[in-house]
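S.K.: My structure file model-v3.csv, CSV, C-alpha atoms, is below:
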```csv
chain,number,residue,atom,x,y,z
C,1,MET,CA,-6.4,-12.6,-0.5
C,2,THR,CA,-6.0,-9.7,1.9
C,3,LEU,CA,-8.4,-9.4,4.9
C,4,GLU,CA,-8.8,-6.1,6.7
C,5,ARG,CA,-10.9,-5.5,9.7
C,6,ARG,CA,-11.7,-2.0,11.0
C,7,PHE,CA,-14.2,-0.4,13.2
C,8,LEU,CA,-15.5,3.1,12.5
C,9,VAL,CA,-17.1,4.8,15.4
C,10,GLY,CA,-18.8,8.2,15.8
C,11,LEU,CA,-18.5,10.5,18.8
C,12,GLU,CA,-22.0,9.5,19.8
C,13,ASP,CA,-20.6,5.9,20.2
C,14,ILE,CA,-18.3,6.9,23.0
C,15,ALA,CA,-19.7,5.1,26.0
C,16,ALA,CA,-17.2,6.5,28.5
C,17,VAL,CA,-14.0,8.4,28.9
C,18,VAL,CA,-11.6,6.5,31.2
C,19,PHE,CA,-8.8,8.0,33.2
C,20,GLU,CA,-6.2,5.5,34.5
C,21,CYS,CA,-3.8,6.8,37.2
C,22,ASN,CA,-0.1,6.3,36.5
C,23,HIS,CA,0.6,5.9,40.2
C,24,CYS,CA,-2.0,3.5,41.5
C,25,HIS,CA,-3.6,2.3,38.2
C,26,ALA,CA,-7.1,3.0,39.5
C,27,ARG,CA,-9.5,3.9,36.7
C,28,ILE,CA,-12.4,6.3,36.7
C,29,SER,CA,-15.0,6.1,34.0
C,30,LEU,CA,-17.1,9.1,33.1
C,31,SER,CA,-19.8,9.8,30.6
C,32,PRO,CA,-18.5,12.0,27.8
C,33,ASP,CA,-21.1,14.5,28.9
C,34,ASN,CA,-19.8,14.7,32.5
C,35,ILE,CA,-16.1,15.0,32.1
C,36,GLY,CA,-16.1,18.5,33.6
C,37,VAL,CA,-16.7,17.0,37.1
C,38,LEU,CA,-13.2,15.4,37.2
C,39,LYS,CA,-10.7,17.1,39.5
C,40,GLY,CA,-7.0,17.5,39.0
C,41,ASN,CA,-5.9,14.4,40.9
C,42,CYS,CA,-6.6,10.7,41.2
C,43,PRO,CA,-9.8,10.1,43.3
C,44,ARG,CA,-8.2,7.0,44.9
C,45,CYS,CA,-4.6,8.0,45.8
C,46,THR,CA,-4.7,11.8,45.1
C,47,TYR,CA,-1.8,11.6,42.8
C,48,SER,CA,-1.5,14.9,40.8
C,49,TRP,CA,-2.9,14.9,37.3
C,50,GLN,CA,-1.7,17.7,35.1
C,51,PHE,CA,-4.7,19.1,33.2
C,52,LEU,CA,-2.7,22.2,32.3
C,53,GLU,CA,-0.9,21.9,29.1
C,54,PRO,CA,2.9,22.6,28.9
C,55,ALA,CA,3.7,26.1,27.7
C,56,SER,CA,5.4,24.6,24.6
C,57,ALA,CA,2.1,23.1,23.5
C,58,PRO,CA,-0.8,25.4,24.5
C,59,LEU,CA,-4.2,23.9,24.0
C,60,VAL,CA,-6.3,27.1,23.9
C,61,PRO,CA,-9.6,26.9,22.0
C,62,ASN,CA,-9.7,29.4,19.2
C,63,LEU,CA,-13.1,30.9,19.1
C,64,SER,CA,-12.6,32.1,15.5
C,65,LYS,CA,-12.3,28.4,14.4
C,66,SER,CA,-15.1,25.8,14.3
C,67,TYR,CA,-15.6,23.2,17.1
C,68,PHE,CA,-14.4,20.6,14.6
C,69,THR,CA,-11.1,22.4,13.9
C,70,ASN,CA,-10.5,22.9,17.6
C,71,PHE,CA,-11.3,19.3,18.3
C,72,THR,CA,-9.0,17.9,15.7
C,73,GLU,CA,-6.2,20.1,16.7
C,74,ALA,CA,-6.7,19.3,20.4
C,75,LEU,CA,-6.8,15.6,19.6
C,76,GLY,CA,-3.5,15.7,17.8
C,77,LYS,CA,-1.9,17.6,20.7
C,78,ILE,CA,-3.3,15.3,23.3
C,79,ARG,CA,-2.0,12.2,21.4
C,80,ARG,CA,1.5,13.6,21.5
C,81,MET,CA,1.4,14.2,25.3
C,82,GLU,CA,3.3,11.6,27.4
C,83,PRO,CA,1.2,9.9,30.0
C,84,GLN,CA,4.2,10.0,32.4
C,85,THR,CA,4.2,13.7,32.4
C,86,ILE,CA,0.5,14.3,32.9
C,87,GLY,CA,-0.1,11.5,35.5
C,88,PHE,CA,-2.8,9.5,33.8
C,89,LYS,CA,-3.6,7.5,30.7
C,90,LEU,CA,-6.7,8.6,28.7
C,91,LEU,CA,-8.8,5.8,27.3
C,92,LEU,CA,-12.1,5.8,25.3
C,93,GLU,CA,-14.6,3.1,25.9
C,94,PHE,CA,-16.9,1.9,23.1
C,95,LYS,CA,-19.7,-0.7,23.3
C,96,GLU,CA,-18.7,-3.9,21.5
C,97,PRO,CA,-20.2,-4.1,18.0
C,98,GLU,CA,-23.2,-6.4,17.7
```
Show me, as structure tokens, the structure contained in the file I just sent.
M.R.:
Amino acid sequence: MTLERRFLVGLEDIAAVVFECNHCHARISLSPDNIGVLKGNCPRCTYSWQFLEPASAPLVPNLSKSYFTNFTEALGKIRRMEPQTIGFKLLLEFKEPE
């Protein structure tokens, strides 16, 4: 017998977006609705975080595409970025299933 365990979550299930600094390992948790308040450096040690994408992988929203298409393309590009080059690790926090 094969047993498989998976969790399916929706975007509304994201409790927080967590940024972990590569330099001091401090974490900042933000509501998905308040991510825009984050600055371009670690709030604890001021280590630079690179929110600008490398020229080889531009992440410019295409207004002629749907939000879903832009989201899925951006997600793929972000997953391929190396945390060492951008200065932080991006984590998503979900509430534990009941």
S.K.: My list of candidates is C:Leu38, C:Leu92, C:Ile86, C:His25. Which is closest to Gly10 in chain C when distances are computed with all atoms listed in the file?
M.R.: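 For Gly10 in chain C, the nearest of the candidates is C:Leu92.
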S.K.: Do you know which residues are at most 9 Å from Pro32 in chain C counting only C-alpha atoms, after dropping those on the same chain fewer than 3 positions away, and could you put them as a PDB file with C-alpha atoms, in the coordinates of the input?
M.R.:
```pdb
ATOM      1  CA  ILE C  14     -18.300   6.900  23.000  1.00  0.00           C
ATOM      2  CA  ALA C  15     -19.700   5.100  26.000  1.00  0.00           C
ATOM      3  CA  ALA C  16     -17.200   6.500  28.500  1.00  0.00           C
ATOM      4  CA  VAL C  17     -14.000   8.400  28.900  1.00  0.00           C
ATOM      5  CA  ILE C  35     -16.100  15.000  32.100  1.00  0.00           C
TER       6      ILE C  35
END
```
S.K.: Of the candidates C:Met1, C:Ala74, C:Val9, C:Leu91, which shows the shortest atom-to-atom distance to Cys21 in chain C, using only C-alpha atoms?
M.R.: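 Of C:Met1, C:Ala74, C:Val9, C:Leu91, the one nearest Cys21 in chain C, counting only C-alpha atoms, is C:Leu91.
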S.K.: Expressed in Å to a single decimal, how great is the separation between CA of Phe88 in chain C and CA of Phe19 in chain C?
M.R.: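 Those two atoms sit 6.2 Å apart.
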S.K.: Show me, as a VMD selection string, the residues that have an atom within 12 Å of Gln84 in chain C when counting all atoms listed in the file, minus same-chain residues fewer than 2 positions from it.
M.R.: chain C and resid 20 to 23 48 to 50 80 to 82 86 to 90
S.K.: To one decimal place, how far is CA of Arg5 in chain C from CA of Arg79 in chain C in Å?
M.R.: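 So the answer is 23.0 Å.
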S.K.: Could you tell me how far CA of Glu96 in chain C lies from CA of Glu12 in chain C, in Å and to one decimal?
M.R.: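 These atoms are spaced 13.9 Å apart.
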S.K.: Find the residues near Pro97 in chain C: any atom within 10 Å, counting all atoms listed in the file, skip ones fewer than 2 places away on the same chain, and give them as a short mmCIF file (atom, residue, chain, number, x, y, z; two decimals) with C-alpha atoms, keeping the file's coordinate frame.
M.R.:
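And here is the file that came out, result_37.cif:
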```cif
data_model
loop_
_atom_site.label_atom_id
_atom_site.label_comp_id
_atom_site.auth_asym_id
_atom_site.auth_seq_id
_atom_site.Cartn_x
_atom_site.Cartn_y
_atom_site.Cartn_z
CA PHE C 7 -14.20 -0.40 13.20
CA VAL C 9 -17.10 4.80 15.40
CA PHE C 94 -16.90 1.90 23.10
CA LYS C 95 -19.70 -0.70 23.30
#
```
S.K.: Restricting the calculation to only C-alpha atoms, which member of C:Leu3, C:Ile78, C:Val18, C:Phe71 is positioned closest to Asn34 in chain C?
M.R.: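 With only C-alpha atoms as the atom set, the closest residue is C:Val18.
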